[in-house]
Structure formats: structure tokens, C-alpha cells
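File shown: target-v8.json. Contents: JSON, C-alpha atoms.
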```
[["chain", "number", "residue", "atom", "x", "y", "z"],
["A", 1, "MET", "CA", 126.96, 112.81, 118.26],
["A", 2, "SER", "CA", 129.96, 111.22, 119.97],
["A", 3, "THR", "CA", 132.75, 109.72, 117.89],
["A", 4, "VAL", "CA", 135.40, 107.17, 118.78],
["A", 5, "GLN", "CA", 138.84, 108.64, 119.41],
["A", 6, "VAL", "CA", 141.85, 106.44, 120.14],
["A", 7, "VAL", "CA", 144.82, 107.55, 122.23],
["A", 8, "THR", "CA", 148.00, 105.49, 122.42],
["A", 9, "GLY", "CA", 149.98, 106.10, 125.59],
["A", 10, "ALA", "CA", 149.02, 107.64, 128.92],
["A", 11, "GLY", "CA", 151.95, 109.90, 129.67],
["A", 12, "PRO", "CA", 151.31, 113.62, 130.20],
["A", 13, "VAL", "CA", 150.29, 114.23, 126.58],
["A", 14, "GLY", "CA", 148.21, 111.10, 126.02],
["A", 15, "TRP", "CA", 146.47, 111.45, 129.39],
["A", 16, "THR", "CA", 145.62, 115.11, 128.75],
["A", 17, "VAL", "CA", 144.37, 114.46, 125.21],
["A", 18, "ALA", "CA", 142.16, 111.61, 126.45],
["A", 19, "ASP", "CA", 140.80, 113.68, 129.32],
["A", 20, "GLN", "CA", 139.97, 116.65, 127.08],
["A", 21, "LEU", "CA", 138.29, 114.41, 124.48],
["A", 22, "ALA", "CA", 136.22, 112.62, 127.13],
["A", 23, "THR", "CA", 135.18, 115.92, 128.70],
["A", 24, "GLN", "CA", 134.01, 117.07, 125.25],
["A", 25, "GLY", "CA", 131.74, 114.01, 125.06],
["A", 26, "HIS", "CA", 133.76, 111.75, 122.78],
["A", 27, "ARG", "CA", 134.11, 108.02, 123.31],
["A", 28, "VAL", "CA", 137.80, 107.47, 124.00],
["A", 29, "ARG", "CA", 139.89, 104.32, 123.92],
["A", 30, "VAL", "CA", 143.24, 104.59, 125.64],
["A", 31, "LEU", "CA", 145.73, 101.93, 124.60],
["A", 32, "THR", "CA", 148.71, 101.11, 126.83],
["A", 33, "ARG", "CA", 150.60, 97.99, 127.88],
["A", 34, "SER", "CA", 149.48, 98.51, 131.49],
["A", 35, "GLY", "CA", 145.85, 99.52, 130.96],
["A", 36, "SER", "CA", 146.39, 102.95, 132.54],
["A", 37, "GLY", "CA", 144.68, 106.21, 131.66],
["A", 38, "PRO", "CA", 142.13, 108.71, 132.98],
["A", 39, "GLU", "CA", 139.16, 107.44, 134.93],
["A", 40, "HIS", "CA", 136.14, 108.88, 133.11],
["A", 41, "PRO", "CA", 132.78, 107.42, 132.01],
["A", 42, "ASN", "CA", 133.70, 108.07, 128.37],
["A", 43, "VAL", "CA", 137.14, 106.43, 128.59],
["A", 44, "GLU", "CA", 137.76, 102.75, 127.87],
["A", 45, "ARG", "CA", 141.24, 101.62, 128.90],
["A", 46, "LEU", "CA", 142.66, 98.68, 126.97],
["A", 47, "ARG", "CA", 145.87, 96.69, 127.31],
["A", 48, "VAL", "CA", 147.42, 96.81, 123.85],
["A", 49, "ASP", "CA", 151.05, 96.76, 122.71],
["A", 50, "VAL", "CA", 150.82, 99.25, 119.84],
["A", 51, "SER", "CA", 154.27, 98.30, 118.56],
["A", 52, "VAL", "CA", 153.02, 94.87, 117.44],
["A", 53, "PRO", "CA", 151.79, 94.89, 113.81],
["A", 54, "GLY", "CA", 148.13, 93.87, 113.67],
["A", 55, "ALA", "CA", 147.52, 94.37, 117.39],
["A", 56, "LEU", "CA", 145.70, 97.65, 116.80],
["A", 57, "ASP", "CA", 143.01, 96.71, 114.31],
["A", 58, "ALA", "CA", 140.31, 95.69, 116.77],
["A", 59, "ALA", "CA", 140.98, 98.70, 119.00],
["A", 60, "LEU", "CA", 140.70, 101.09, 116.05],
["A", 61, "GLU", "CA", 137.29, 99.89, 114.88],
["A", 62, "GLY", "CA", 135.10, 102.93, 114.26],
["A", 63, "ALA", "CA", 137.86, 105.41, 115.12],
["A", 64, "ALA", "CA", 137.89, 108.86, 113.56],
["A", 65, "ALA", "CA", 141.36, 109.73, 114.84],
["A", 66, "VAL", "CA", 144.35, 108.16, 116.53],
["A", 67, "PHE", "CA", 146.46, 110.34, 118.82],
["A", 68, "HIS", "CA", 149.79, 108.55, 118.95],
["A", 69, "CYS", "CA", 151.43, 109.63, 122.21],
["A", 70, "THR", "CA", 153.84, 106.84, 123.10],
["A", 71, "HIS", "CA", 157.57, 107.42, 123.46],
["A", 72, "GLY", "CA", 160.79, 105.45, 123.51],
["A", 73, "SER", "CA", 161.94, 103.24, 126.36],
["A", 74, "ALA", "CA", 165.00, 105.46, 126.88],
["A", 75, "TYR", "CA", 166.01, 109.02, 126.05],
["A", 76, "SER", "CA", 168.59, 108.14, 123.43],
["A", 77, "ALA", "CA", 168.97, 108.07, 119.67],
["A", 78, "GLU", "CA", 169.77, 104.37, 119.83],
["A", 79, "ALA", "CA", 166.50, 103.48, 121.59],
["A", 80, "TRP", "CA", 164.47, 105.85, 119.44],
["A", 81, "ARG", "CA", 165.84, 104.49, 116.16],
["A", 82, "ARG", "CA", 165.30, 100.91, 117.31],
["A", 83, "GLU", "CA", 161.73, 101.43, 118.54],
["A", 84, "LEU", "CA", 159.97, 104.49, 117.15],
["A", 85, "PRO", "CA", 159.95, 104.08, 113.34],
["A", 86, "SER", "CA", 158.55, 100.54, 113.44],
["A", 87, "THR", "CA", 155.93, 101.45, 116.04],
["A", 88, "GLU", "CA", 154.80, 104.44, 114.00],
["A", 89, "ARG", "CA", 154.58, 102.28, 110.87],
["A", 90, "ALA", "CA", 152.33, 99.84, 112.74],
["A", 91, "VAL", "CA", 150.09, 102.70, 113.88],
["A", 92, "LEU", "CA", 149.99, 104.33, 110.46],
["A", 93, "ASP", "CA", 149.13, 101.06, 108.74],
["A", 94, "ALA", "CA", 146.35, 100.22, 111.20],
["A", 95, "ALA", "CA", 144.92, 103.74, 111.08],
["A", 96, "GLY", "CA", 144.96, 103.64, 107.29],
["A", 97, "ARG", "CA", 142.91, 100.43, 107.33],
["A", 98, "ALA", "CA", 140.47, 102.06, 109.77],
["A", 99, "GLY", "CA", 140.23, 105.29, 107.78],
["A", 100, "ALA", "CA", 141.47, 107.37, 110.72],
["A", 101, "VAL", "CA", 143.83, 110.34, 110.78],
["A", 102, "VAL", "CA", 146.89, 109.99, 113.02],
["A", 103, "VAL", "CA", 147.93, 112.98, 115.14],
["A", 104, "PHE", "CA", 151.43, 113.11, 116.63],
["A", 105, "PRO", "CA", 152.87, 115.33, 119.32],
["A", 106, "GLU", "CA", 156.25, 116.39, 117.99],
["A", 107, "SER", "CA", 159.36, 118.08, 119.35],
["A", 108, "LEU", "CA", 161.45, 120.86, 117.80],
["A", 109, "TYR", "CA", 164.47, 118.59, 117.43],
["A", 110, "SER", "CA", 164.18, 118.20, 113.66],
["A", 111, "TYR", "CA", 164.76, 121.95, 113.18],
["A", 112, "GLY", "CA", 168.27, 121.59, 114.58],
["A", 113, "GLN", "CA", 170.21, 124.64, 115.75],
["A", 114, "VAL", "CA", 168.32, 127.65, 114.45],
["A", 115, "ASP", "CA", 169.13, 131.36, 114.54],
["A", 116, "GLY", "CA", 165.96, 133.33, 115.20],
["A", 117, "PRO", "CA", 162.37, 132.27, 115.91],
["A", 118, "ILE", "CA", 161.31, 128.81, 114.72],
["A", 119, "THR", "CA", 158.30, 129.03, 112.39],
["A", 120, "GLU", "CA", 156.38, 126.36, 110.50],
["A", 121, "ASP", "CA", 158.48, 127.26, 107.42],
["A", 122, "THR", "CA", 161.83, 126.70, 109.14],
["A", 123, "PRO", "CA", 163.60, 123.75, 107.43],
["A", 124, "ARG", "CA", 163.42, 120.46, 109.30],
["A", 125, "GLU", "CA", 166.71, 118.92, 108.23],
["A", 126, "ALA", "CA", 168.60, 117.86, 111.36],
["A", 127, "ARG", "CA", 170.54, 114.66, 110.70],
["A", 128, "ASP", "CA", 172.47, 113.51, 113.75],
["A", 129, "GLY", "CA", 171.54, 111.86, 117.04],
["A", 130, "LYS", "CA", 168.08, 112.27, 118.52],
["A", 131, "LEU", "CA", 167.50, 115.26, 116.26],
["A", 132, "GLY", "CA", 168.01, 113.16, 113.14],
["A", 133, "VAL", "CA", 165.62, 110.47, 114.36],
["A", 134, "ARG", "CA", 162.83, 113.05, 114.64],
["A", 135, "THR", "CA", 163.56, 114.20, 111.06],
["A", 136, "GLU", "CA", 163.32, 110.60, 109.84],
["A", 137, "LEU", "CA", 159.98, 110.12, 111.62],
["A", 138, "LEU", "CA", 158.51, 113.23, 110.02],
["A", 139, "ARG", "CA", 159.62, 112.02, 106.58],
["A", 140, "GLN", "CA", 158.07, 108.62, 107.23],
["A", 141, "ARG", "CA", 154.76, 110.27, 108.10],
["A", 142, "GLU", "CA", 154.93, 112.44, 105.00],
["A", 143, "ALA", "CA", 155.49, 109.36, 102.80],
["A", 144, "SER", "CA", 152.59, 107.42, 104.35],
["A", 145, "ASP", "CA", 149.27, 107.03, 102.55],
["A", 146, "THR", "CA", 147.55, 107.58, 105.92],
["A", 147, "ALA", "CA", 146.56, 111.16, 106.77],
["A", 148, "THR", "CA", 148.69, 112.64, 109.55],
["A", 149, "VAL", "CA", 149.18, 115.84, 111.52],
["A", 150, "SER", "CA", 152.28, 116.57, 113.59],
["A", 151, "VAL", "CA", 151.92, 119.25, 116.27],
["A", 152, "ALA", "CA", 155.34, 120.46, 117.40],
["A", 153, "ALA", "CA", 155.90, 121.82, 120.88],
["A", 154, "SER", "CA", 158.82, 123.12, 122.90],
["A", 155, "ASP", "CA", 159.78, 121.88, 126.38],
["A", 156, "PHE", "CA", 156.70, 120.72, 128.27],
["A", 157, "PHE", "CA", 155.29, 122.00, 131.52],
["A", 158, "GLY", "CA", 151.96, 121.48, 133.24],
["A", 159, "PRO", "CA", 150.08, 118.87, 135.27],
["A", 160, "ARG", "CA", 151.46, 115.33, 134.95],
["A", 161, "VAL", "CA", 154.73, 116.57, 133.41],
["A", 162, "LEU", "CA", 157.46, 114.90, 135.45],
["A", 163, "MET", "CA", 160.80, 114.42, 133.68],
["A", 164, "ALA", "CA", 161.21, 117.88, 132.19],
["A", 165, "HIS", "CA", 163.27, 121.03, 132.68],
["A", 166, "ALA", "CA", 160.16, 122.85, 133.94],
["A", 167, "GLY", "CA", 158.78, 119.76, 135.68],
["A", 168, "GLU", "CA", 160.50, 117.83, 138.45],
["A", 169, "ARG", "CA", 163.70, 119.83, 137.94],
["A", 170, "MET", "CA", 161.87, 122.96, 139.09],
["A", 171, "VAL", "CA", 158.47, 122.62, 140.78],
["A", 172, "PRO", "CA", 159.05, 120.21, 143.71],
["A", 173, "ILE", "CA", 162.42, 121.85, 144.35],
["A", 174, "ILE", "CA", 160.78, 125.29, 144.57],
["A", 175, "LEU", "CA", 158.08, 123.96, 146.87],
["A", 176, "ALA", "CA", 160.73, 122.42, 149.10],
["A", 177, "GLY", "CA", 162.63, 125.72, 149.32],
["A", 178, "LYS", "CA", 165.79, 124.28, 147.79],
["A", 179, "THR", "CA", 168.17, 125.67, 145.16],
["A", 180, "VAL", "CA", 167.03, 125.24, 141.56],
["A", 181, "ARG", "CA", 169.84, 124.45, 139.12],
["A", 182, "VAL", "CA", 169.17, 124.70, 135.40],
["A", 183, "MET", "CA", 170.99, 123.73, 132.24],
["A", 184, "GLY", "CA", 172.55, 126.38, 130.05],
["A", 185, "ASP", "CA", 171.81, 129.96, 131.01],
["A", 186, "LEU", "CA", 169.30, 131.35, 133.52],
["A", 187, "ASP", "CA", 168.63, 134.50, 131.52],
["A", 188, "THR", "CA", 168.41, 133.30, 127.90],
["A", 189, "PRO", "CA", 164.90, 133.31, 126.33],
["A", 190, "HIS", "CA", 163.41, 129.84, 125.94],
["A", 191, "SER", "CA", 159.96, 128.68, 124.85],
["A", 192, "PHE", "CA", 157.93, 126.39, 127.12],
["A", 193, "THR", "CA", 154.70, 124.74, 125.94],
["A", 194, "TYR", "CA", 151.83, 124.07, 128.36],
["A", 195, "VAL", "CA", 150.71, 120.49, 127.74],
["A", 196, "PRO", "CA", 146.93, 121.24, 127.86],
["A", 197, "ASP", "CA", 147.52, 123.74, 125.02],
["A", 198, "LEU", "CA", 149.34, 121.07, 123.00],
["A", 199, "ALA", "CA", 146.47, 118.62, 123.62],
["A", 200, "ALA", "CA", 143.86, 121.18, 122.52],
["A", 201, "ALA", "CA", 145.83, 121.83, 119.33],
["A", 202, "MET", "CA", 146.07, 118.12, 118.54],
["A", 203, "ILE", "CA", 142.33, 117.68, 119.01],
["A", 204, "GLY", "CA", 141.56, 120.73, 116.88],
["A", 205, "ALA", "CA", 143.87, 119.56, 114.10],
["A", 206, "ALA", "CA", 142.27, 116.11, 114.03],
["A", 207, "ALA", "CA", 138.84, 117.66, 113.53],
["A", 208, "ASP", "CA", 139.87, 119.83, 110.55],
["A", 209, "PRO", "CA", 140.79, 117.88, 107.39],
["A", 210, "SER", "CA", 142.18, 121.06, 105.82],
["A", 211, "LEU", "CA", 145.03, 120.84, 108.34],
["A", 212, "TRP", "CA", 145.90, 117.22, 107.72],
["A", 213, "ASN", "CA", 149.24, 116.26, 106.21],
["A", 214, "SER", "CA", 150.99, 119.24, 107.74],
["A", 215, "VAL", "CA", 153.20, 120.24, 110.65],
["A", 216, "LEU", "CA", 151.67, 122.73, 113.07],
["A", 217, "HIS", "CA", 153.03, 124.44, 116.17],
["A", 218, "ALA", "CA", 151.29, 124.08, 119.51],
["A", 219, "PRO", "CA", 150.09, 127.40, 120.95],
["A", 220, "THR", "CA", 153.05, 128.57, 123.01],
["A", 221, "GLY", "CA", 153.39, 131.76, 125.03],
["A", 222, "PRO", "CA", 156.19, 134.28, 124.60],
["A", 223, "ALA", "CA", 159.64, 132.88, 125.29],
["A", 224, "ILE", "CA", 160.81, 133.55, 128.84],
["A", 225, "THR", "CA", 164.01, 132.91, 130.73],
["A", 226, "GLN", "CA", 164.42, 129.95, 133.02],
["A", 227, "ARG", "CA", 164.76, 132.44, 135.87],
["A", 228, "ALA", "CA", 161.35, 133.88, 134.95],
["A", 229, "MET", "CA", 159.82, 130.38, 134.88],
["A", 230, "VAL", "CA", 161.16, 129.72, 138.37],
["A", 231, "HIS", "CA", 159.67, 133.04, 139.52],
["A", 232, "ALA", "CA", 156.29, 132.20, 137.95],
["A", 233, "TYR", "CA", 156.13, 128.92, 139.85],
["A", 234, "ALA", "CA", 157.19, 130.54, 143.12],
["A", 235, "ALA", "CA", 154.58, 133.27, 142.70],
["A", 236, "ALA", "CA", 151.89, 130.70, 141.93],
["A", 237, "ALA", "CA", 152.89, 128.73, 145.02],
["A", 238, "GLY", "CA", 153.02, 131.78, 147.26],
["A", 239, "VAL", "CA", 156.61, 131.08, 148.30],
["A", 240, "PRO", "CA", 159.77, 133.21, 148.04],
["A", 241, "ASP", "CA", 161.87, 132.92, 144.93],
["A", 242, "PRO", "CA", 164.44, 130.18, 145.60],
["A", 243, "LYS", "CA", 168.14, 130.42, 145.08],
["A", 244, "THR", "CA", 169.11, 129.52, 141.54],
["A", 245, "GLY", "CA", 172.21, 128.16, 139.90],
["A", 246, "VAL", "CA", 173.47, 126.72, 136.62],
["A", 247, "LEU", "CA", 174.85, 123.32, 135.68],
["A", 248, "PRO", "CA", 177.80, 124.43, 133.50],
["A", 249, "GLY", "CA", 177.78, 123.15, 129.96],
["A", 250, "TRP", "CA", 181.40, 122.04, 130.23],
["A", 251, "LEU", "CA", 180.53, 119.92, 133.25],
["A", 252, "LEU", "CA", 177.58, 118.23, 131.52],
["A", 253, "ARG", "CA", 179.59, 117.61, 128.35],
["A", 254, "GLY", "CA", 182.46, 116.21, 130.37],
["A", 255, "ALA", "CA", 180.18, 113.90, 132.32],
["A", 256, "GLY", "CA", 178.71, 112.78, 129.01],
["A", 257, "LEU", "CA", 182.00, 111.13, 128.10],
["A", 258, "VAL", "CA", 181.29, 108.42, 130.66],
["A", 259, "HIS", "CA", 177.60, 108.82, 131.58],
["A", 260, "ARG", "CA", 174.93, 108.15, 128.95],
["A", 261, "ASP", "CA", 172.15, 110.26, 130.47],
["A", 262, "SER", "CA", 174.46, 113.26, 130.75],
["A", 263, "ARG", "CA", 175.55, 112.74, 127.16],
["A", 264, "GLU", "CA", 171.95, 112.73, 125.95],
["A", 265, "LEU", "CA", 171.19, 115.94, 127.86],
["A", 266, "ALA", "CA", 174.37, 117.60, 126.62],
["A", 267, "GLU", "CA", 173.23, 117.07, 123.04],
["A", 268, "MET", "CA", 170.37, 119.50, 123.76],
["A", 269, "LEU", "CA", 172.42, 122.21, 125.50],
["A", 270, "TYR", "CA", 172.16, 124.45, 122.42],
["A", 271, "GLN", "CA", 168.50, 125.02, 123.30],
["A", 272, "PHE", "CA", 169.45, 126.56, 126.65],
["A", 273, "GLU", "CA", 172.73, 128.34, 125.92],
["A", 274, "ARG", "CA", 171.27, 130.73, 123.37],
["A", 275, "PRO", "CA", 167.74, 131.97, 122.53],
["A", 276, "PHE", "CA", 165.40, 129.13, 121.61],
["A", 277, "VAL", "CA", 162.10, 130.63, 120.50],
["A", 278, "LEU", "CA", 159.04, 128.90, 119.04],
["A", 279, "ASP", "CA", 156.71, 131.06, 116.94],
["A", 280, "SER", "CA", 153.22, 129.52, 116.94],
["A", 281, "GLY", "CA", 151.33, 132.51, 115.55],
["A", 282, "ARG", "CA", 150.30, 130.98, 112.23],
["A", 283, "SER", "CA", 149.12, 127.73, 113.79],
["A", 284, "GLU", "CA", 147.19, 129.61, 116.47],
["A", 285, "ARG", "CA", 145.30, 131.45, 113.74],
["A", 286, "LEU", "CA", 144.58, 128.25, 111.81],
["A", 287, "LEU", "CA", 143.36, 126.44, 114.94],
["A", 288, "GLY", "CA", 141.57, 129.38, 116.53],
["A", 289, "LEU", "CA", 143.51, 128.80, 119.75],
["A", 290, "ALA", "CA", 145.77, 130.83, 122.03],
["A", 291, "PRO", "CA", 148.25, 129.78, 124.71],
["A", 292, "THR", "CA", 147.13, 129.75, 128.33],
["A", 293, "PRO", "CA", 148.53, 132.76, 130.24],
["A", 294, "LEU", "CA", 151.66, 131.82, 132.15],
["A", 295, "ALA", "CA", 150.29, 132.73, 135.59],
["A", 296, "GLU", "CA", 147.24, 130.52, 135.06],
["A", 297, "ALA", "CA", 149.31, 127.63, 133.70],
["A", 298, "ALA", "CA", 151.85, 127.90, 136.53],
["A", 299, "ALA", "CA", 149.06, 127.88, 139.12],
["A", 300, "ALA", "CA", 147.51, 124.72, 137.66],
["A", 301, "THR", "CA", 150.92, 123.05, 137.55],
["A", 302, "VAL", "CA", 151.74, 123.90, 141.16],
["A", 303, "ALA", "CA", 148.29, 122.72, 142.28],
["A", 304, "TRP", "CA", 148.85, 119.36, 140.58],
["A", 305, "TRP", "CA", 152.24, 118.87, 142.24],
["A", 306, "ARG", "CA", 150.81, 119.72, 145.63],
["A", 307, "ALA", "CA", 147.93, 117.33, 145.15],
["A", 308, "ARG", "CA", 150.49, 114.66, 144.27],
["A", 309, "GLU", "CA", 151.99, 115.25, 147.72],
["A", 310, "LEU", "CA", 155.56, 115.34, 146.52],
["A", 311, "ALA", "CA", 156.14, 118.49, 148.50],
["A", 312, "PRO", "CA", 154.36, 120.03, 151.50],
["A", 313, "ALA", "CA", 152.36, 123.20, 151.13],
["A", 314, "PRO", "CA", 153.87, 126.21, 152.95],
["A", 315, "ARG", "CA", 152.61, 126.87, 156.47]]
```
Would you mind writing the file's structure down as C-alpha cells?
Amino acid sequence: MSTVQVVTGAGPVGWTVADQLATQGHRVRVLTRSGSGPEHPNVERLRVDVSVPGALDAALEGAAAVFHCTHGSAYSAEAWRRELPSTERAVLDAAGRAGAVVVFPESLYSYGQVDGPITEDTPREARDGKLGVRTELLRQREASDTATVSVAASDFFGPRVLMAHAGERMVPIILAGKTVRVMGDLDTPHSFTYVPDLAAAMIGAAADPSLWNSVLHAPTGPAITQRAMVHAYAAAAGVPDPKTGVLPGWLLRGAGLVHRDSRELAEMLYQFERPFVLDSGRSERLLGLAPTPLAEAAAATVAWWRARELAPAPR
């Protein structure tokens, strides 16, 4: 029997969650300001501003779960602190009235700078900047009377992933035969999470009450270097490995003194200048899921970019 599932936001995560739910036969309501979302017989797209208290109640009628996949208007601690806590409170309150669990995609920011693999038991105590905002959001969810699950992932890649280190900063550049320049170090291990694997974990967590009120890790393959990620994309595309280079940390930090976007990126350099490894083994066992093999995930990602016609296929 189909159940009603509500997805807020239609970015790469929200879109993928909605598409997977609809394919599984669920009735899905996608809530965005623009009315966007996947075109599917099981998907109803509604124009709703989820940040407005009370605006969600009608859209959540009969919902079993709410997958809250919206994000801030800007990539900055200031915007996040101004927008995200109040929006999440509105969603939590409405979901509580509807009797629905709320599932959040989450980053690894709240763990701060960690030595060694990040597990579900690693303390989440970061305090400053964007990292501290994520810690505050997790504490707000924990204090809520509404059931929640947060599924933490590392840097995204996959279809529909645009503004990401392994998105537009790699794939279209590789397809165009240009030099790929990365942050940090080309040969330091770094975890990348395939968005369809994150979506599957969120859906699985929503369906299992024994996992509610916890933080899980999205199934994530072994950490690889940024050089290896570039090679995986080139191999999937059937093109030669491109030239690669590095944006020096000192340059990014210096630019951050006068340029906000550079400053926000520089805050995250620690993830790329030394090993940054997500361990999802325990959550994989709890969810009965495994990460998609890198070659398969890279092929699907390259195919999506080519279909988007941002770069020509090789002759």
C-alpha cells in the first residue's frame, strides 16, 4: 500500500529522494517555492515556503515522513544561522502535529577537525562558523519532541550535483579537456558520498523506527584521493586523464581576507589538506545497504553531465 512521503526542496538530494520514493510506489509531495521537482506520476509538486510557520500543515496531511532537504540562501555561517534553525523548527513542529518522522541530510561539519576515521561515535562538538551552526542544528533536533533521523554524508557527487568539489569543479572540466584544479592536496585521502546512496539511506532510516532519533552515516565508499576521483571520471568518460593542479591554501586564505566566497571555502580547507575519512560501516549494517562502486557511480555522473549538454562528448 502506498504511503504519503513529503520532500522539502528539489536540489540534488531532495530530487533524488523524491525520485527513489516515487519509483518505489509511494505518493510523494515535493514542496518548493518554485514548484519544481521530478516529473513522475506519483509526484505532486506544490509551491510552499517551508520556512513560514503554519504553511506546512496542509501539505503534511497523511504524511508518514518528511525529508527536509532545503539549504541556506548562501554558503555562509551568517546566512545559515539566520535561516536554518527557524526553518527547521517550523518543519519539526508541523511534522510533530502530523505524526511524521523528519529525516535530514547532514554534513560532517559538526565533527570539526578529526584525527582518524569519523565514526558515528565521534563527538559532534564543533563551535565556530559553519561548523558550529551544524552542531546547533543537531542539538535542536535532539531536543525536539518530533522523531528525527540525521544521515551524515561527506562531499557529494553524482547526477544533479552541481556546486561541489566533485561536481562542476571536476566533471565538465574533464569532459572539456581542460586542467582540473583542486583545493588542498591532490593525493590526500578524502571521502566522497554518492547522492543516490545518501537518498537510499534516508529512505531506509525513515522506514525503521528503531533508527529514529539517531545520527547515521550515508553508505560511502573507501576514501580516495582527488587525483583518483579525476581519473575515475576520465575513465568513465573514455577520455585521457586531464592535467591537474592545486589551488594553494595560502592563496585561498589570502583571498578570503577580501572575498567572502573564498573565505567560506578556506574554512573547509582542513578537509582537503589532510586525510578526511568517513567510516559508514555501522550504519551500512543497520540499514542493510552498501555504497555504489565508484566506477558505476562515476559512469552515471558523467552520463548525466553529458545529457545536460554542458560539455560535448568526445569524437
Quick one: distance from atom CA of A:Thr244 to atom CA of A:Gly256 in Å, one decimal? 23.0 Å
Name the residues within 8 Å of (168.1, 124.4, 132.7), counting all atoms listed in the file in the file's coordinates, and put them as a ChimeraX atom specification. /A:165,181-186,226,246-247,272
What's around A:Ala143 at 10 Å? Count only C-alpha atoms, leave out sequence neighbours fewer than 5 positions away in its own chain, and write the answer as a CSV table (one decimal) with C-alpha atoms, keeping the file's coordinate frame.
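What ended up in selection.csv:
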```csv
chain,number,residue,atom,x,y,z
A,137,LEU,CA,160.0,110.1,111.6
A,138,LEU,CA,158.5,113.2,110.0
A,213,ASN,CA,149.2,116.3,106.2
```
So how many Å separate atom CA of A:Leu108 and atom CA of A:Gly14, to one decimal? 18.4 Å
Show me, as CSV, the residues of stretch 188-281 of chain A having an atom within 10 Å of stretch 119-122 of chain A, each with the closest atom pair and its distance in Å, using all atoms listed in the file.
```
residue,atom,partner,partner_atom,distance
A:Ser214,CA,A:Glu120,CA,9.3
A:Val215,CA,A:Glu120,CA,6.9
A:Leu216,CA,A:Glu120,CA,6.5
A:His217,CA,A:Glu120,CA,6.9
A:Val277,CA,A:Thr119,CA,9.1
A:Leu278,CA,A:Thr119,CA,6.7
A:Asp279,CA,A:Thr119,CA,5.2
A:Ser280,CA,A:Thr119,CA,6.8
A:Gly281,CA,A:Thr119,CA,8.4
```
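Minimum distance to A:Val195 across A:Val13, A:Val149, A:Ala236, A:Ala63 (counting all atoms listed in the file) occurs at A:Val13.
Within the 9 Å cut-off around A:Gly112, using all atoms listed in the file and omitting residues fewer than 3 positions from it on the same chain, the listed residues are A:Leu108, A:Tyr109, A:Pro123, A:Arg124, A:Glu125, A:Ala126, A:Arg127, A:Leu131, A:Gly132.
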Selection as a PyMOL selection string: residues within 10 Å of (150.2, 108.8, 124.5), counting only C-alpha atoms: chain A and resi 6-18+30-32+37+66-71+104-105
Which of these residues is nearest to A:Pro41, using only C-alpha atoms: A:Ser107, A:Ala98, A:Val171, A:His26? A:His26
Can you list, as a PyMOL selection string, every protein, DNA or RNA residue that comes within 12 Å of A:Leu286 when you count all atoms listed in the file, leaving out same-chain residues fewer than 2 positions away? chain A and resi 201+204-205+208-212+214-219+280-284+288-290
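For the atom pair formed by atom CA of A:Ser144 and atom CA of A:Glu88, the distance is 10.3 Å, given to one decimal.
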Which residues are near A:Arg27? Cut-off 9 Å, only C-alpha atoms, ignore same chain within fewer than 4 positions. Put them as a list in words. Ser2, Thr3, Val4, Gln5, Val6, Leu21, Ala22, Pro41, Asn42, Val43 and Glu44 of chain A
